[in-house]
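Chemist: What follows is the file final_29.tsv, containing TSV, C-alpha atoms:
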chain	number	residue	atom	x	y	z
I	587	MET	CA	-7.41	9.46	20.98
I	588	PRO	CA	-4.99	12.31	20.23
I	589	ALA	CA	-1.87	12.42	22.33
I	590	SER	CA	-0.19	15.52	20.96
I	591	ASP	CA	2.22	17.26	23.36
I	592	ILE	CA	1.92	14.69	26.15
I	593	PRO	CA	4.92	12.63	27.36
I	594	ALA	CA	5.96	9.47	25.54
I	595	THR	CA	8.50	6.85	26.58
I	596	LEU	CA	10.55	4.58	24.31
I	597	VAL	CA	12.30	1.55	25.83
I	598	LEU	CA	14.62	-0.78	23.93
I	599	GLU	CA	15.26	-4.44	24.74
I	600	ASP	CA	18.84	-3.57	25.79
I	601	GLY	CA	17.43	-1.34	28.54
I	602	SER	CA	17.99	2.00	26.80
I	603	VAL	CA	15.34	4.60	27.62
I	604	PHE	CA	14.33	7.67	25.62
I	605	ARG	CA	11.72	10.18	26.72
I	606	GLY	CA	10.07	12.69	24.47
I	607	ARG	CA	6.86	14.31	23.32
I	608	SER	CA	4.00	12.39	21.72
I	609	VAL	CA	2.97	13.92	18.40
I	610	GLY	CA	0.72	11.10	17.21
I	611	VAL	CA	-2.04	8.98	18.68
I	612	ALA	CA	-2.05	7.76	22.26
I	613	GLY	CA	-1.38	4.14	23.11
I	614	GLN	CA	1.29	1.53	23.54
I	615	ARG	CA	2.95	-0.57	20.84
I	616	ALA	CA	5.85	-2.99	20.57
I	617	PHE	CA	7.85	-3.49	17.38
I	618	GLU	CA	11.28	-3.95	15.83
I	619	LEU	CA	13.07	-0.59	15.74
I	620	VAL	CA	15.17	0.40	12.70
I	621	PHE	CA	16.65	3.65	11.41
I	622	HIS	CA	16.17	5.37	8.03
I	623	THR	CA	18.89	7.60	6.57
I	624	GLY	CA	16.79	9.57	4.06
I	625	MET	CA	16.14	13.29	4.39
I	626	THR	CA	12.65	13.02	2.86
I	627	GLY	CA	9.97	10.44	2.13
I	628	TYR	CA	8.38	10.10	5.56
I	629	GLN	CA	4.91	9.64	4.08
I	630	GLU	CA	6.07	6.95	1.65
I	631	ILE	CA	7.87	5.21	4.53
I	632	LEU	CA	4.78	5.17	6.73
I	633	THR	CA	2.61	3.68	3.96
I	634	ASP	CA	5.17	1.14	2.70
I	635	PRO	CA	3.88	-2.33	3.69
I	636	SER	CA	7.51	-3.48	4.04
I	637	TYR	CA	7.61	-1.59	7.38
I	638	PHE	CA	4.81	-3.71	8.90
I	639	GLY	CA	5.97	-4.77	12.37
I	640	GLN	CA	8.60	-2.04	12.55
I	641	ALA	CA	8.98	1.50	13.86
I	642	VAL	CA	11.32	3.94	12.13
I	643	VAL	CA	13.91	6.31	13.58
I	644	MET	CA	14.48	9.18	11.15
I	645	THR	CA	18.15	10.15	11.28
I	646	TYR	CA	17.61	13.52	9.57
I	647	PRO	CA	17.01	15.98	12.46
I	648	GLN	CA	13.88	17.82	11.25
I	649	ILE	CA	10.95	15.95	9.74
I	650	GLY	CA	7.68	17.16	8.24
I	651	ASN	CA	8.65	20.47	6.65
I	652	TYR	CA	6.84	19.83	3.34
I	653	GLY	CA	3.71	18.30	4.89
I	654	CYS	CA	1.63	15.52	3.38
I	655	GLN	CA	-0.42	14.98	0.23
I	656	PRO	CA	-2.64	12.02	-0.78
I	657	GLN	CA	-0.71	11.13	-3.95
I	658	ALA	CA	2.41	10.36	-1.92
I	659	ASP	CA	0.79	7.37	-0.16
I	660	GLU	CA	2.27	4.05	-1.28
I	661	SER	CA	-0.74	2.06	-0.07
I	662	ASP	CA	-4.16	2.67	1.45
I	663	ARG	CA	-2.96	2.76	5.09
I	664	CYS	CA	0.05	3.35	7.35
I	665	TRP	CA	1.90	0.11	8.09
I	666	ALA	CA	4.81	1.38	10.19
I	667	SER	CA	4.05	1.07	13.91
I	668	ALA	CA	5.60	4.40	14.90
I	669	MET	CA	7.97	7.16	13.83
I	670	ILE	CA	10.71	8.58	16.08
I	671	MET	CA	12.17	12.04	15.32
I	672	ARG	CA	14.54	14.63	16.69
I	673	GLN	CA	12.09	17.40	15.82
I	674	LEU	CA	8.71	17.52	14.14
I	675	THR	CA	8.77	20.82	12.26
I	676	PRO	CA	6.27	23.40	13.58
I	677	ILE	CA	5.74	24.86	10.10
I	678	THR	CA	4.56	23.20	6.88
I	679	SER	CA	6.09	24.89	3.82
I	680	SER	CA	4.81	23.46	0.54
I	681	TRP	CA	2.16	24.59	-1.91
I	682	ALA	CA	1.25	20.93	-2.52
I	683	ALA	CA	0.61	19.99	1.14
I	684	THR	CA	-2.97	19.22	2.16
I	685	GLN	CA	-2.15	18.69	5.85
I	686	ALA	CA	0.68	18.81	8.35
I	687	LEU	CA	2.51	15.64	9.36
I	688	ASP	CA	1.16	15.62	12.92
I	689	GLU	CA	-2.38	15.88	11.50
I	690	TYR	CA	-1.55	12.94	9.25
I	691	PHE	CA	-0.30	10.92	12.24
I	692	LEU	CA	-3.56	11.49	14.09
I	693	GLU	CA	-5.79	10.82	11.08
I	694	ARG	CA	-3.97	7.59	10.20
I	695	GLY	CA	-3.56	6.20	13.74
I	696	VAL	CA	0.23	6.43	13.88
I	697	MET	CA	2.14	6.69	17.14
I	698	ALA	CA	4.99	9.21	16.90
I	699	MET	CA	7.34	11.07	19.21
I	700	ASP	CA	9.93	13.83	18.91
I	701	GLY	CA	12.40	15.41	21.30
I	702	VAL	CA	14.53	12.26	21.03
I	703	ASP	CA	18.31	12.22	20.61
I	704	THR	CA	18.09	10.29	17.34
I	705	ARG	CA	21.87	10.40	16.88
I	706	GLU	CA	22.41	8.43	20.10
I	707	LEU	CA	19.52	6.11	19.26
I	708	THR	CA	20.92	5.38	15.80
I	709	LEU	CA	24.36	4.62	17.25
I	710	ILE	CA	22.76	2.05	19.55
I	711	LEU	CA	21.01	0.37	16.62
I	712	ARG	CA	24.21	0.37	14.55
I	713	SER	CA	26.31	-1.15	17.32
I	714	LYS	CA	23.78	-3.61	18.76
I	715	GLY	CA	21.54	-4.22	15.75
I	716	ALA	CA	17.82	-3.72	15.21
I	717	GLN	CA	16.13	-3.78	18.61
I	718	ARG	CA	12.76	-4.90	19.83
I	719	ALA	CA	11.24	-1.90	21.56
I	720	VAL	CA	8.03	-0.40	22.92
I	721	ILE	CA	6.60	3.11	22.85
I	722	SER	CA	3.98	4.21	25.37
I	723	THR	CA	1.95	7.22	26.39
I	724	GLU	CA	0.07	5.08	28.92
I	725	THR	CA	2.82	4.28	31.40
I	726	ALA	CA	6.35	5.38	32.21
I	727	ASP	CA	7.05	2.30	34.35
I	728	LEU	CA	10.36	1.09	32.95
I	729	THR	CA	10.15	-2.43	34.36
I	730	THR	CA	6.82	-3.01	32.63
I	731	LEU	CA	7.96	-1.51	29.33
I	732	LEU	CA	11.25	-3.40	29.28
I	733	ALA	CA	9.42	-6.69	29.80
I	734	LEU	CA	7.05	-5.86	26.92
I	735	ALA	CA	9.97	-5.10	24.62
I	736	ARG	CA	11.86	-8.28	25.48
I	737	ASN	CA	8.76	-10.47	25.13
I	738	HIS	CA	7.85	-9.08	21.71
I	739	PRO	CA	8.38	-11.74	18.99
I	740	PRO	CA	11.25	-11.02	16.55
I	741	LEU	CA	10.63	-10.83	12.79
I	742	ASP	CA	12.59	-14.04	12.16
I	743	GLN	CA	10.44	-16.95	10.89
I	744	ARG	CA	7.34	-14.73	10.58
I	745	ASP	CA	5.34	-14.62	7.34
I	746	LEU	CA	4.23	-10.99	7.44
I	747	ALA	CA	3.72	-10.81	3.67
I	748	SER	CA	0.44	-12.69	4.02
I	749	ALA	CA	-0.86	-10.06	6.46
I	750	VAL	CA	-0.22	-7.12	4.11
I	751	SER	CA	-1.11	-8.78	0.81
I	752	CYS	CA	-4.35	-8.06	-1.07
I	753	LYS	CA	-7.21	-10.49	-0.51
I	754	ASN	CA	-8.45	-10.45	-4.12
I	755	SER	CA	-6.78	-9.94	-7.48
I	756	TYR	CA	-7.05	-6.60	-9.28
I	757	PHE	CA	-5.76	-4.87	-12.41
I	758	TRP	CA	-3.71	-1.66	-12.24
I	759	SER	CA	-3.72	0.84	-15.10
I	760	GLU	CA	-2.19	4.10	-13.78
I	761	GLY	CA	1.30	4.98	-14.98
I	762	LEU	CA	3.78	7.60	-13.83
I	763	PRO	CA	2.57	11.23	-13.97
I	764	ASP	CA	3.35	13.31	-17.04
I	765	PRO	CA	6.31	15.57	-16.10
I	766	ASN	CA	4.54	18.68	-17.42
I	767	SER	CA	0.89	18.22	-16.43
I	768	TRP	CA	1.39	15.73	-13.56
I	769	VAL	CA	-1.60	13.81	-14.94
I	770	PRO	CA	-1.03	10.05	-14.61
I	771	THR	CA	-0.24	8.33	-17.90
I	772	GLY	CA	-2.25	5.31	-19.03
I	773	LEU	CA	-1.69	1.83	-20.39
I	774	HIS	CA	0.32	1.26	-23.55
I	775	ALA	CA	-1.48	-0.25	-26.54
I	776	ASN	CA	-1.32	-4.07	-26.53
I	777	ALA	CA	0.46	-4.06	-23.16
I	778	PRO	CA	1.59	-7.56	-22.17
I	779	LYS	CA	-0.13	-9.09	-19.14
I	780	LEU	CA	2.08	-9.11	-16.06
I	781	VAL	CA	1.10	-11.10	-12.96
I	782	CYS	CA	2.38	-9.26	-9.88
I	783	TYR	CA	2.69	-11.14	-6.62
I	784	ASP	CA	1.64	-8.81	-3.80
I	785	PHE	CA	3.89	-9.42	-0.82
I	786	GLY	CA	3.41	-5.74	0.13
I	787	ILE	CA	3.58	-4.02	-3.24
I	788	LYS	CA	4.04	-0.23	-3.48
I	789	ARG	CA	1.93	1.86	-5.82
I	790	ASN	CA	4.92	3.47	-7.48
I	791	ILE	CA	6.21	0.05	-8.50
I	792	LEU	CA	2.93	-0.53	-10.33
I	793	ARG	CA	3.11	2.91	-11.93
I	794	ASN	CA	6.61	2.18	-13.20
I	795	LEU	CA	5.52	-1.17	-14.60
I	796	VAL	CA	2.65	0.47	-16.49
I	797	SER	CA	4.97	3.16	-17.86
I	798	ALA	CA	7.44	0.46	-18.92
I	799	GLY	CA	4.69	-1.08	-21.06
I	800	PHE	CA	3.03	-3.73	-18.87
I	801	HIS	CA	-0.58	-4.28	-17.78
I	802	PRO	CA	-0.23	-5.50	-14.17
I	803	LEU	CA	-2.63	-7.98	-12.60
I	804	VAL	CA	-1.93	-8.00	-8.86
I	805	VAL	CA	-2.54	-11.33	-7.11
I	806	PRO	CA	-2.43	-12.38	-3.41
I	807	ALA	CA	0.79	-13.67	-1.89
I	808	HIS	CA	-0.38	-17.28	-1.68
I	809	THR	CA	-1.46	-17.62	-5.31
I	810	SER	CA	-0.22	-20.97	-6.63
I	811	ALA	CA	1.88	-21.46	-9.72
I	812	SER	CA	-0.93	-23.37	-11.43
I	813	GLU	CA	-3.29	-20.43	-10.86
I	814	VAL	CA	-0.75	-18.05	-12.36
I	815	LEU	CA	-0.08	-20.29	-15.37
I	816	ALA	CA	-3.84	-20.59	-15.97
I	817	LEU	CA	-3.91	-16.80	-16.46
I	818	ASN	CA	-1.46	-17.21	-19.36
I	819	PRO	CA	0.68	-14.19	-18.41
I	820	ASP	CA	3.55	-12.84	-20.48
I	821	ALA	CA	5.71	-12.34	-17.37
I	822	VAL	CA	5.70	-12.45	-13.56
I	823	PHE	CA	6.78	-9.85	-11.00
I	824	LEU	CA	7.66	-10.50	-7.33
I	825	SER	CA	7.14	-7.50	-5.07
I	826	ASN	CA	8.71	-6.09	-1.94
I	827	GLY	CA	7.28	-6.97	1.46
I	828	PRO	CA	7.91	-7.37	5.20
I	829	GLY	CA	9.15	-10.16	7.41
I	830	ASP	CA	11.30	-13.24	6.90
I	831	PRO	CA	11.34	-14.42	3.25
I	832	ALA	CA	12.02	-18.02	4.32
I	833	ALA	CA	8.64	-18.06	6.08
I	834	VAL	CA	6.69	-17.37	2.86
I	835	THR	CA	6.87	-21.03	1.92
I	836	SER	CA	3.95	-21.13	-0.52
I	837	ALA	CA	5.48	-18.34	-2.61
I	838	ILE	CA	8.88	-20.07	-2.64
I	839	ALA	CA	7.25	-23.23	-4.02
I	840	ALA	CA	5.26	-21.25	-6.61
I	841	VAL	CA	8.28	-19.29	-7.84
I	842	ARG	CA	10.28	-22.49	-8.27
I	843	GLN	CA	7.60	-23.80	-10.65
I	844	LEU	CA	7.25	-20.48	-12.50
I	845	VAL	CA	11.00	-20.29	-13.17
I	846	ALA	CA	10.86	-23.87	-14.48
I	847	ALA	CA	8.09	-22.75	-16.86
I	848	ASP	CA	10.54	-20.24	-18.43
I	849	LEU	CA	8.39	-17.19	-17.76
I	850	PRO	CA	10.27	-13.86	-17.69
I	851	LEU	CA	10.48	-12.87	-14.02
I	852	PHE	CA	11.63	-9.81	-12.06
I	853	GLY	CA	11.86	-9.60	-8.26
I	854	ILE	CA	12.36	-6.62	-5.97
I	855	CYS	CA	13.47	-6.78	-2.31
I	856	LEU	CA	11.47	-9.60	-0.65
I	857	GLY	CA	10.77	-10.91	-4.16
I	858	HIS	CA	14.53	-11.00	-4.79
I	859	GLN	CA	15.03	-13.05	-1.63
I	860	ILE	CA	12.15	-15.42	-2.46
I	861	LEU	CA	13.66	-16.03	-5.90
I	862	ALA	CA	16.99	-17.01	-4.35
I	863	LEU	CA	15.28	-19.34	-1.87
I	864	ALA	CA	13.16	-20.91	-4.61
I	865	LEU	CA	16.27	-21.94	-6.53
I	866	GLY	CA	18.12	-23.35	-3.52
I	867	GLY	CA	19.85	-20.31	-2.00
I	868	ARG	CA	19.69	-19.11	1.59
I	869	THR	CA	18.89	-15.82	3.30
I	870	PHE	CA	19.99	-14.39	6.65
I	871	LYS	CA	18.86	-11.69	9.07
I	872	MET	CA	21.09	-8.61	8.87
I	873	LYS	CA	22.37	-6.77	11.91
I	874	PHE	CA	20.43	-3.56	11.29
I	875	GLY	CA	19.46	-3.83	7.64
I	876	HIS	CA	19.42	-1.15	4.95
I	877	HIS	CA	16.81	1.59	5.26
I	878	GLY	CA	17.42	4.80	3.35
I	879	ALA	CA	17.35	6.69	0.06
I	880	ASN	CA	21.11	7.01	-0.43
I	881	HIS	CA	22.61	3.52	-0.76
I	882	PRO	CA	25.11	2.89	-3.58
I	883	VAL	CA	24.81	-0.31	-5.61
I	884	VAL	CA	27.56	-1.43	-7.98
I	885	GLU	CA	26.99	-3.43	-11.17
I	886	THR	CA	29.58	-6.19	-11.31
I	887	ALA	CA	29.94	-6.26	-15.11
I	888	SER	CA	30.37	-2.53	-15.81
I	889	GLY	CA	31.21	-0.94	-12.46
I	890	ARG	CA	28.23	1.39	-12.89
I	891	ILE	CA	27.05	2.87	-9.58
I	892	ASP	CA	23.40	3.69	-8.95
I	893	ILE	CA	22.27	5.49	-5.81
I	894	SER	CA	19.24	3.60	-4.58
I	895	SER	CA	16.38	3.53	-2.12
I	896	GLN	CA	16.54	0.48	0.15
I	897	ASN	CA	14.42	-1.09	2.86
I	898	HIS	CA	15.23	-4.63	3.96
I	899	GLY	CA	16.38	-6.50	7.04
I	900	PHE	CA	17.28	-9.81	5.34
I	901	ALA	CA	19.80	-10.55	2.57
I	902	VAL	CA	20.82	-13.37	0.25
I	903	ASP	CA	23.85	-15.44	1.33
I	904	PRO	CA	26.30	-15.30	-1.61
I	905	ASP	CA	27.96	-18.55	-0.49
I	906	SER	CA	24.66	-20.39	-1.02
I	907	LEU	CA	24.27	-19.60	-4.74
I	908	GLU	CA	26.45	-22.36	-6.22
I	909	GLY	CA	24.24	-24.70	-8.24
I	910	THR	CA	21.23	-22.35	-8.22
I	911	GLY	CA	21.79	-21.00	-11.72
I	912	LEU	CA	21.92	-17.48	-10.26
I	913	ALA	CA	24.84	-15.10	-10.65
I	914	VAL	CA	25.45	-11.92	-8.65
I	915	THR	CA	24.96	-8.84	-10.87
I	916	HIS	CA	25.07	-6.09	-8.22
I	917	TYR	CA	26.48	-5.63	-4.75
I	918	ASN	CA	25.91	-3.00	-2.08
I	919	GLY	CA	28.66	-0.39	-2.15
I	920	ASN	CA	28.66	0.02	1.63
I	921	ASP	CA	28.90	-3.54	2.92
I	922	HIS	CA	29.19	-5.68	-0.26
I	923	THR	CA	26.02	-7.68	0.43
I	924	VAL	CA	24.23	-9.13	-2.61
I	925	ALA	CA	22.16	-6.42	-4.34
I	926	GLY	CA	21.22	-8.11	-7.62
I	927	LEU	CA	20.91	-11.55	-9.23
I	928	ARG	CA	20.38	-12.89	-12.73
I	929	HIS	CA	19.76	-16.43	-13.96
I	930	THR	CA	22.44	-17.66	-16.32
I	931	SER	CA	20.05	-19.45	-18.71
I	932	LYS	CA	16.56	-18.03	-18.10
I	933	PRO	CA	14.98	-14.54	-18.43
I	934	VAL	CA	14.99	-14.07	-14.66
I	935	PHE	CA	16.57	-11.33	-12.54
I	936	SER	CA	16.10	-9.52	-9.24
I	937	VAL	CA	17.43	-6.65	-7.13
I	938	GLN	CA	17.62	-6.02	-3.39
I	939	TYR	CA	16.80	-2.32	-3.73
I	940	HIS	CA	13.85	-0.19	-4.88
I	941	PRO	CA	14.19	1.07	-8.48
I	942	GLU	CA	10.78	2.76	-8.28
I	943	GLY	CA	12.36	5.45	-6.09
I	944	ALA	CA	9.52	6.39	-3.77
I	945	PRO	CA	11.10	8.13	-1.99
I	946	GLY	CA	13.86	8.71	-4.59
I	947	PRO	CA	16.38	8.56	-6.08
I	948	HIS	CA	15.52	7.37	-9.61
I	949	ASP	CA	18.94	6.13	-10.79
I	950	PRO	CA	17.87	2.45	-11.08
I	951	GLN	CA	14.48	3.17	-12.74
I	952	HIS	CA	15.88	1.82	-16.02
I	953	LEU	CA	15.45	-1.72	-14.65
I	954	PHE	CA	11.71	-1.64	-15.38
I	955	GLN	CA	12.42	-1.05	-19.06
I	956	ARG	CA	15.06	-3.78	-18.96
I	957	PHE	CA	12.39	-6.16	-17.70
I	958	GLN	CA	10.15	-5.25	-20.62
I	959	GLU	CA	13.02	-6.00	-23.01
I	960	PHE	CA	13.35	-9.50	-21.49
I	961	LEU	CA	10.07	-10.45	-23.17
I	962	ALA	CA	11.71	-10.15	-26.60
I	963	GLU	CA	14.80	-12.16	-25.63
I	964	PRO	CA	15.04	-15.90	-26.28
I	965	ALA	CA	15.93	-18.12	-23.34
I	966	ARG	CA	19.67	-18.56	-22.90
I	967	SER	CA	21.18	-21.98	-23.33
Hey, can you dump this file as structure tokens for me?
Modeler:
Amino acid sequence: MPASDIPATLVLEDGSVFRGRSVGVAGQRAFELVFHTGMTGYQEILTDPSYFGQAVVMTYPQIGNYGCQPQADESDRCWASAMIMRQLTPITSSWAATQALDEYFLERGVMAMDGVDTRELTLILRSKGAQRAVISTETADLTTLLALARNHPPLDQRDLASAVSCKNSYFWSEGLPDPNSWVPTGLHANAPKLVCYDFGIKRNILRNLVSAGFHPLVVPAHTSASEVLALNPDAVFLSNGPGDPAAVTSAIAAVRQLVAADLPLFGICLGHQILALALGGRTFKMKFGHHGANHPVVETASGRIDISSQNHGFAVDPDSLEGTGLAVTHYNGNDHTVAGLRHTSKPVFSVQYHPEGAPGPHDPQHLFQRFQEFLAEPARS
């Protein structure tokens, strides 16, 4: 049921209350509330499975000015529970747009509200951490809404990757679009087979893998190592995804066996965390996480800085890596958390950010080609 232009109420578990205008569907939902520092990419954010169980506060004050288009979707549905904005733009200004953002909200079943002081809201999340919260167009009773927020289960110890993963395996063959014609490129000749674990994989990751020379076979999150090895792949990829990595126990066990089999392996975001856990490391829940398209990452060996897109609420504990065979290759330039790992004797590496850049930037896109080059490298001794 459309709820455009009717009142909406947002209540946080700390008791903070924000009132605004509903610009999405009617209803009532509880979630973990985080903030995103990008100026663009709202459609990619909504369709990123890594936001399952979360609602997003957009810190940029005006959202929706370039509208929406089907090719920007990162999956076949919206996973974010809601979007909170200072202002939903009243005008769509892009030749490529097929619909306005509020129309997209209603079509895709997304709750959304504007008229919110997102600066104040972001300061609360920065000082107190990610908050459980509830948005409602059904009631403005603060006692009821506060109880719903405080009773909502946190993301800790929840395997959400299983909920967003594909149910059946499938091949992917579409590469990045040609920069002149914007027609998607195809598979390379004799492309090596790459098994991709789907913990919430984004389409632009698959496009980058195809353009780097792979033929991806996407498999469900709970695929065992023996099933993967039976496919005789040339390499394995571990995708992004939502929730607590420590709760995805079957994937941790599988990755441990796949690393032992000396298969080249690349992990992104949740996949990066699962790799660390599989080899004996630990992860922890961050205060408010990293969500944005403007996070610097620093390469330890060269000092090179890439500006990256990030979306994660957990991180690898650097003090837990002794004896794992993993070395830190990158760190976050803002808070020095672990942003990249590489095995010292096997063709295995991972990053805590999104080199596919959807939304941008594209600075770290070279990592996909680096992964392809791993296939030609002998194992280190």
Chemist: May I have the protein, DNA and RNA residues with an atom at most 7 Å from (24.1, 3.7, 15.9), counting all atoms listed in the file in the file's coordinates, returned as a list in words?
Modeler: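 Residues found, by chain and rising number: Glu706, Leu707, Thr708, Leu709, Ile710, Leu711, Arg712 and Ser713 of chain I.
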Chemist: Just the residues within 8 Å of I:Pro945, please, counting all atoms listed in the file, with nothing from its chain fewer than 2 positions along; format it as a list in words.
Modeler: Thr626, Gly627, Glu630, Ile631, Ala879, Ser895, Gly943 and Pro947 of chain I
Chemist: Got a sec to check which residues sit within 8 Å of (17.6, 10.2, 15.5), counting all atoms listed in the file, and write them as an mmCIF file with C-alpha atoms, in the coordinates of the input?
Modeler:
data_model
loop_
_atom_site.group_PDB
_atom_site.id
_atom_site.type_symbol
_atom_site.label_atom_id
_atom_site.label_comp_id
_atom_site.auth_asym_id
_atom_site.auth_seq_id
_atom_site.Cartn_x
_atom_site.Cartn_y
_atom_site.Cartn_z
ATOM 1 C CA PHE I 621 16.650 3.650 11.410
ATOM 2 C CA VAL I 643 13.910 6.310 13.580
ATOM 3 C CA MET I 644 14.480 9.180 11.150
ATOM 4 C CA THR I 645 18.150 10.150 11.280
ATOM 5 C CA TYR I 646 17.610 13.520 9.570
ATOM 6 C CA PRO I 647 17.010 15.980 12.460
ATOM 7 C CA ILE I 670 10.710 8.580 16.080
ATOM 8 C CA MET I 671 12.170 12.040 15.320
ATOM 9 C CA ARG I 672 14.540 14.630 16.690
ATOM 10 C CA VAL I 702 14.530 12.260 21.030
ATOM 11 C CA ASP I 703 18.310 12.220 20.610
ATOM 12 C CA THR I 704 18.090 10.290 17.340
ATOM 13 C CA ARG I 705 21.870 10.400 16.880
ATOM 14 C CA GLU I 706 22.410 8.430 20.100
ATOM 15 C CA LEU I 707 19.520 6.110 19.260
ATOM 16 C CA THR I 708 20.920 5.380 15.800
#
Chemist: Which residue is closest to I:Phe638? Choose from I:His774, I:Lys871, I:His898, I:His876 and count all atoms listed in the file.
Modeler: I:His898
Chemist: Please provide as a ChimeraX atom specification all residues within 6 Å of I:Thr678, with the sequence filter that same-chain residues fewer than 5 positions apart are discarded (counting all atoms listed in the file).
Modeler: /I:651-653
Chemist: I:Ala862: which residues within 8 Å, counting all atoms listed in the file, same-chain residues fewer than 4 positions away excluded, as a list of chain:residue names?
Modeler: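 Neighbouring residues, sequence-local ones excluded: I:His858, I:Gly866, I:Gly867, I:Arg868, I:Thr869, I:Val902, I:Leu907, I:Thr910, I:Leu912.
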Chemist: Can you list, as a list in words, every protein, DNA or RNA residue that comes within 10 Å of I:Leu773 when you count all atoms listed in the file, leaving out same-chain residues fewer than 4 positions away?
Modeler: Trp758, Ser759, Glu760, Gly761, Ala777, Arg793, Leu795, Val796, Ser797, Ala798, Gly799, Phe800, His801 and Pro802 of chain I
Chemist: Looking at all atoms listed in the file, which of I:Gln896, I:Ser722, I:Gln843, I:Thr633 is the one that sits closest to I:Gly610?
Modeler: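 Result for the nearest residue to I:Gly610: I:Ser722.
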Chemist: Name the closest residue to I:Ala901 among the candidates I:Leu732, I:Ile854, I:Leu687, I:Ala719; distances are taken between atoms, counting only C-alpha atoms.
Modeler: I:Ile854
Chemist: What does the distance from atom CA of I:Leu824 to atom CA of I:Gly926 come to in Å, to one decimal?
Modeler: 13.8 Å
Chemist: When you draw a straight line from atom CA of I:Ser748 to atom CA of I:Pro828, how long is it in Å?
Modeler: 9.2 Å
Chemist: Using atom CA of I:Pro933 and atom CA of I:Arg956 as the two end points, give the distance in Å to one decimal.
Modeler: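 These two atoms are separated by 10.8 Å.
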Chemist: N, CA and C atoms for stretch 643-655 of chain I, written as a PDB file, keeping the file's coordinate frame, could you do that?
Modeler:
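Once everything was written out, this is out28.pdb:
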ATOM      1  N   VAL I 643      13.187   5.142  13.072  1.00  0.00           N
ATOM      2  CA  VAL I 643      13.910   6.310  13.580  1.00  0.00           C
ATOM      3  C   VAL I 643      14.411   7.089  12.370  1.00  0.00           C
ATOM      4  N   MET I 644      13.991   8.340  12.239  1.00  0.00           N
ATOM      5  CA  MET I 644      14.480   9.180  11.150  1.00  0.00           C
ATOM      6  C   MET I 644      15.768   9.857  11.577  1.00  0.00           C
ATOM      7  N   THR I 645      16.863   9.593  10.859  1.00  0.00           N
ATOM      8  CA  THR I 645      18.150  10.150  11.280  1.00  0.00           C
ATOM      9  C   THR I 645      18.280  11.633  10.923  1.00  0.00           C
ATOM     10  N   TYR I 646      17.571  12.095   9.889  1.00  0.00           N
ATOM     11  CA  TYR I 646      17.610  13.520   9.570  1.00  0.00           C
ATOM     12  C   TYR I 646      16.923  14.279  10.713  1.00  0.00           C
ATOM     13  N   PRO I 647      17.484  15.394  11.195  1.00  0.00           N
ATOM     14  CA  PRO I 647      17.010  15.980  12.460  1.00  0.00           C
ATOM     15  C   PRO I 647      15.638  16.641  12.434  1.00  0.00           C
ATOM     16  N   GLN I 648      15.191  17.151  11.281  1.00  0.00           N
ATOM     17  CA  GLN I 648      13.880  17.820  11.250  1.00  0.00           C
ATOM     18  C   GLN I 648      13.013  17.150  10.192  1.00  0.00           C
ATOM     19  N   ILE I 649      11.837  16.718  10.606  1.00  0.00           N
ATOM     20  CA  ILE I 649      10.950  15.950   9.740  1.00  0.00           C
ATOM     21  C   ILE I 649       9.597  16.653   9.637  1.00  0.00           C
ATOM     22  N   GLY I 650       9.033  16.660   8.432  1.00  0.00           N
ATOM     23  CA  GLY I 650       7.680  17.160   8.240  1.00  0.00           C
ATOM     24  C   GLY I 650       7.568  18.509   7.569  1.00  0.00           C
ATOM     25  N   ASN I 651       8.690  19.074   7.106  1.00  0.00           N
ATOM     26  CA  ASN I 651       8.650  20.470   6.650  1.00  0.00           C
ATOM     27  C   ASN I 651       7.804  20.669   5.404  1.00  0.00           C
ATOM     28  N   TYR I 652       7.645  19.645   4.549  1.00  0.00           N
ATOM     29  CA  TYR I 652       6.840  19.830   3.340  1.00  0.00           C
ATOM     30  C   TYR I 652       5.435  19.214   3.448  1.00  0.00           C
ATOM     31  N   GLY I 653       5.071  18.773   4.645  1.00  0.00           N
ATOM     32  CA  GLY I 653       3.710  18.300   4.890  1.00  0.00           C
ATOM     33  C   GLY I 653       3.390  16.992   4.194  1.00  0.00           C
ATOM     34  N   CYS I 654       2.107  16.772   3.968  1.00  0.00           N
ATOM     35  CA  CYS I 654       1.630  15.520   3.380  1.00  0.00           C
ATOM     36  C   CYS I 654       0.628  15.799   2.270  1.00  0.00           C
ATOM     37  N   GLN I 655       0.546  14.884   1.320  1.00  0.00           N
ATOM     38  CA  GLN I 655      -0.420  14.980   0.230  1.00  0.00           C
ATOM     39  C   GLN I 655      -0.847  13.571  -0.163  1.00  0.00           C
TER      40      GLN I 655
END
